[in-house]
Structures are given as C-alpha cells and as structure tokens.
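Working notes, beginning with the structure itself.
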Amino acid sequence: MRSEDEVAKNERVKLNLYGKAGRFLFFFGSAVAGLLFFLIQILNSYPFWDYINGYRLTLGPLIGVYGDITYLPWPLHFVRVTQVFDVAVALVFVGLFVWKLADSGMVNRRNVAAAAGYTSLVTGTICAVIVYLQIDVLTGTNLPWGSYSWGTERVAYNTQFLGAEYNCTFLNYTQLLYIAVAMAAAGFLLWSIFSRAEAKTPAAWVTGVLFAVSFALLVSGLMLVFPGEKFSQSDPSMPATPYAVQGVMILWTGAVLFMVSLVELYSKAKRGIDMVRSHFAGKTSEKR
C-alpha cells in the first residue's frame with residue numbers, strides 16, 4: 001500500500017497539472033475572445049468604419065467582421081464568429097475556475113465555492129468595464145460616426161431573445177452591464193466568505209501605479225479619439241482625427257490595465273477582510 005505521503009504527493013502533482021491546464025485555457029480563451037472583440041467591435045467602429053460612406057480602414061491583414069459570418073464549409077455553417085466568441089469566453093471562465101481551484105490545494109465544497117466566486121468576480125469585472133465603455137463613453141454623442149454599442153442594442157444575434165435588434169427587450173447591453181456588476185459583487189462575497197487562503201497582493205504602490213497608468217492611458221486615449229464636438233446625430237461628413245487610431249489603441253490598453261488594477265484592489269480588500277476575521281477569531285479563542 002502507498003503511504004500517506006505518496007498519496008498527498010500524487011494529489012499535488014494532479015492539482016499542479018490541472019492548474020497548468022486552467023492557465024492555458026484562460027490565456028488561450030482570452031486571446032481568442034480579445035481578437036474577436038477587436039475584429040467585431042473595434043474595427044467596425046470609429047475611426048475604422050463609416051458605414052454611410054462605405055469607408056473602412058484596415059490594419060494590415062486585420063479587417064472588421066460580423067458575428068454571423070462563417071468561414072467553415074457545409075455542414076458546419078452553424079459555427080459562426082459569434083459561436084467561436086462564446087466558446088472562447090466559456091474557456092476563460094472554465095480555465096480561471098480550474099486554475100483557482102487547483103491553487104487552493106484541495107478540492108472540497110468550500111474551495112469550489114471560493115473558486116467560483118473569484119471567477120465570477122474577475123469575469124464580471126472584465127465584462128462590466130468593456131460594456132460601460134461601449135454604451136456610456138464611446139457613444140454617438142461623442143463620436144461623429146461609427147459609435148460602439150448602445151444600451152438597448154442586442155448583445156449578439158443569438159442572444160436576441162425578446163425584441164428587435166435595435167431595441168432589444170432581452171438581452172441588451174444595459175442588462176448585460178447590470179448582470180456583470182451583480183456577478184462581480186456576488187463573486188467577491190463568495191470569495192471572501194469561503195476562501196481561507198491569504199490573498200496574494202503586490203505592494204500598495206504597485207497597485208497605485210497600475211491605477212495611475214490605466215487612468216492616464218484612458219484619458220489620453222479618449223482625448224485623441226474624441227473630435228471635441230457633441231453630436232445630436234452622426235455626422236459622417238466629418239473626417240477621422242489624425243490620431244484617432246492611436247487613441248483607440250491607447251484607450252483599450254488603458255481599459256485592460258484598469259481591469260487588472262480592479263482585481264488587485266479586490267485582492268487587497270479581501271486581505272483586509274481576512275485580517276479582521278483573524279483578529280476577531282483570536283479574540284474569541286482568548287475568551288475561551
């Protein structure tokens with residue numbers, strides 16, 4: 001019979017393999033989802049595409065696509081760009097969950113709940129930041145043409161469960177924003193309650209620098225993208241500003257860093273909760 005040490009060692013090896021698999025799925029899914037978001041949303045918006053005048057700016061081999069396009073032959077016509085994006089997002093969620101669960105060192109109900117909470121927190125935050133920028137910042141009142149999404153637009157052609165494309169009752173972007181925020185909040189509660197592992201956080205100054213850099217990139221990117229005028233309706237006769245393309249790249253880079261900054265801030269808040277919990281647990285044990 002194997003000794004307890006051997007069994008424990010084998011379990012650690014398995015968890016290590018699962019952790020590596022989870023990291024691979026997370027980063028691979030993030031890369032695919034990020035590329036498709038760039039092709040579907042960014043390259044179909046200002047300053048890359050003016051649908052009224054038929055103006056489209058490409059970046060080398062990259063060109064905007066729509067979610068209902070398929071490149072696969074029959075009988076795989078049902079696999080469209082949107083389905084690939086859905087699968088990529090699912091890989092991000094599953095990969096992060098497996099990664100976090102493997103890092104906990106043991107598979108039990110508490111660790112499963114904590115890993116699910118952390119996964120919901122991170123994915124909800126990513127979704128909320130992206131959707132907010134699209135429907136509340138990069139709008140038709142700030143851009144002359146080629147604005148991003150608006151609140152009542154359907155999220156994808158296969159998520160139009162109620163209503164029309166341009167005035168979708170469910171699922172639209174405003175509802176997706178509320179769902180993402182609720183996911184992040186519920187995820188933080190689950191992670192804080194069930195995770196007993198100490199949150200690993202960088203020094204406070206690192207988090208501060210991340211926030212500062214992300215805000216600097218967001219603000220500078222917006223200044224370069226916005227033409228400096230307000231529009232009651234689109235004005236396709238206005239040409240793109242000379243630095244709009246650079247502004248778009250800077251803006252979305254800042255958005256990614258802002259997401260990372262928020263996750264680091266959550267970790268610091270979780271660590272503070274753990275310290276308070278340990279303090280009161282020590283007080284209780286002393287009274288006994």
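Ordering of the structure tokens sets the chain letters (A, B, ...), residue numbers begin anew at 1 in every chain, and ligands are numbered from 1 in the order given.
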
For Val122 in chain A, find every residue with an atom within 12 Å (counting only C-alpha atoms), except residues of its own chain fewer than 5 positions away, and show them as JSON, numbers by chain. {"A": [26, 92, 93, 96, 97, 100, 115, 116, 117, 127, 128, 129, 180, 181, 182, 183, 184, 185, 186, 187, 188, 191, 259, 260, 261, 262, 263, 264, 265, 266, 267]}

Selection near Val87 in chain A, 10 Å with only C-alpha atoms, sequence-local residues under 4 positions removed, as a PyMOL selection string: chain A and resi 29+32-33+81-83+91-93

Atoms kept (N, CA and C atoms) for selection, written as a PDB file, in the first residue's frame:
```pdb
ATOM      1  N   GLY A  29      -8.240  31.274 -24.218  1.00  0.00           N
ATOM      2  CA  GLY A  29      -9.579  31.823 -24.406  1.00  0.00           C
ATOM      3  C   GLY A  29      -9.570  33.340 -24.417  1.00  0.00           C
ATOM      4  N   VAL A  32      -8.247  34.548 -27.861  1.00  0.00           N
ATOM      5  CA  VAL A  32      -9.235  34.389 -28.938  1.00  0.00           C
ATOM      6  C   VAL A  32     -10.375  35.389 -28.773  1.00  0.00           C
ATOM      7  N   ALA A  33     -10.905  35.493 -27.551  1.00  0.00           N
ATOM      8  CA  ALA A  33     -12.004  36.430 -27.304  1.00  0.00           C
ATOM      9  C   ALA A  33     -11.568  37.866 -27.559  1.00  0.00           C
ATOM     10  N   VAL A  81     -18.889  33.306 -36.220  1.00  0.00           N
ATOM     11  CA  VAL A  81     -17.920  34.021 -35.403  1.00  0.00           C
ATOM     12  C   VAL A  81     -18.435  34.192 -33.978  1.00  0.00           C
ATOM     13  N   THR A  82     -19.735  34.445 -33.835  1.00  0.00           N
ATOM     14  CA  THR A  82     -20.307  34.618 -32.501  1.00  0.00           C
ATOM     15  C   THR A  82     -20.170  33.354 -31.670  1.00  0.00           C
ATOM     16  N   GLN A  83     -20.420  32.194 -32.288  1.00  0.00           N
ATOM     17  CA  GLN A  83     -20.266  30.940 -31.546  1.00  0.00           C
ATOM     18  C   GLN A  83     -18.838  30.725 -31.095  1.00  0.00           C
ATOM     19  N   LEU A  91     -14.189  29.206 -22.277  1.00  0.00           N
ATOM     20  CA  LEU A  91     -12.854  28.721 -21.925  1.00  0.00           C
ATOM     21  C   LEU A  91     -12.197  29.612 -20.877  1.00  0.00           C
ATOM     22  N   VAL A  92     -12.406  30.929 -20.999  1.00  0.00           N
ATOM     23  CA  VAL A  92     -11.876  31.858 -19.995  1.00  0.00           C
ATOM     24  C   VAL A  92     -12.461  31.535 -18.626  1.00  0.00           C
ATOM     25  N   PHE A  93     -13.773  31.358 -18.567  1.00  0.00           N
ATOM     26  CA  PHE A  93     -14.449  31.088 -17.296  1.00  0.00           C
ATOM     27  C   PHE A  93     -13.998  29.759 -16.701  1.00  0.00           C
TER      28      PHE A  93
END
```

Taking the chain letters and numbering used in this document, name the residues of range 5-227 of chain A that DSSP puts in strand (DSSP E or B), as a PyMOL selection string. chain A and resi 49-50+55-56+59+62+154+162-163+168-170+172

For those residues, write C-alpha atoms to a file as a CSV table (one decimal), in the first residue's frame.
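Output saved as out22.csv:
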```csv
chain,number,residue,atom,x,y,z
A,49,TRP,CA,-15.5,52.2,-40.4
A,50,ASP,CA,-18.0,54.7,-41.7
A,55,TYR,CA,-15.2,54.0,-45.6
A,56,ARG,CA,-13.2,51.2,-44.0
A,59,LEU,CA,-4.8,47.3,-40.1
A,62,LEU,CA,-7.0,42.6,-40.0
A,154,ARG,CA,-28.9,43.3,-28.7
A,162,LEU,CA,-37.1,39.3,-26.9
A,163,GLY,CA,-37.5,42.4,-29.1
A,168,CYS,CA,-33.9,44.6,-27.8
A,169,THR,CA,-36.0,43.8,-24.8
A,170,PHE,CA,-33.7,41.0,-23.7
A,172,ASN,CA,-29.5,44.1,-24.4
```

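Among the candidate residues A:Thr159, A:Leu257, A:Leu190, A:Thr152, the one lying nearest to Thr119 in chain A is A:Leu190, with distances computed using only C-alpha atoms.
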
Long-range neighbours of Val84 in chain A as a list of chain:residue names, 10 Å cut-off, only C-alpha atoms, 4 positions minimum in chain: A:Gly29, A:Val32, A:Ala33, A:Leu36, A:Gly67, A:Thr70, A:Val79, A:Arg80, A:Ala88, A:Val89, A:Ala90

Quick one: DSSP alpha helix (DSSP H) residues in range 4-133 of chain A, as an MDAnalysis selection string? chainID A and resid 4:37 81:103 109:132

Expressed in Å, the length from CA of Leu43 in chain A to CA of Ala164 in chain A is 23.7 Å

For Gly228 in chain A, please output as an mmCIF file with C-alpha atoms, in the first residue's frame all residues within 9 Å (counting only C-alpha atoms; exclusion window: fewer than 5 positions along the same chain).
```
data_model
loop_
_atom_site.group_PDB
_atom_site.id
_atom_site.type_symbol
_atom_site.label_atom_id
_atom_site.label_comp_id
_atom_site.auth_asym_id
_atom_site.auth_seq_id
_atom_site.Cartn_x
_atom_site.Cartn_y
_atom_site.Cartn_z
ATOM 1 C CA ASN A 142 -19.167 61.695 -28.513
ATOM 2 C CA LEU A 143 -18.157 60.250 -31.882
ATOM 3 C CA MET A 223 -8.710 62.887 -25.837
#
```

Nearest to Gly247 in chain A: which of A:Gly22, A:Trp145, A:Ile135, A:Ile42 is it, counting only C-alpha atoms? A:Ile42

One decimal, in Å: what's the spacing between CA of Leu176 in chain A and CA of Asn158 in chain A? 14.2 Å

Using only C-alpha atoms, the residue out of A:Val219, A:Ala255, A:Ala21, A:Ile40 with shortest distance to Tyr132 in chain A is A:Ala255
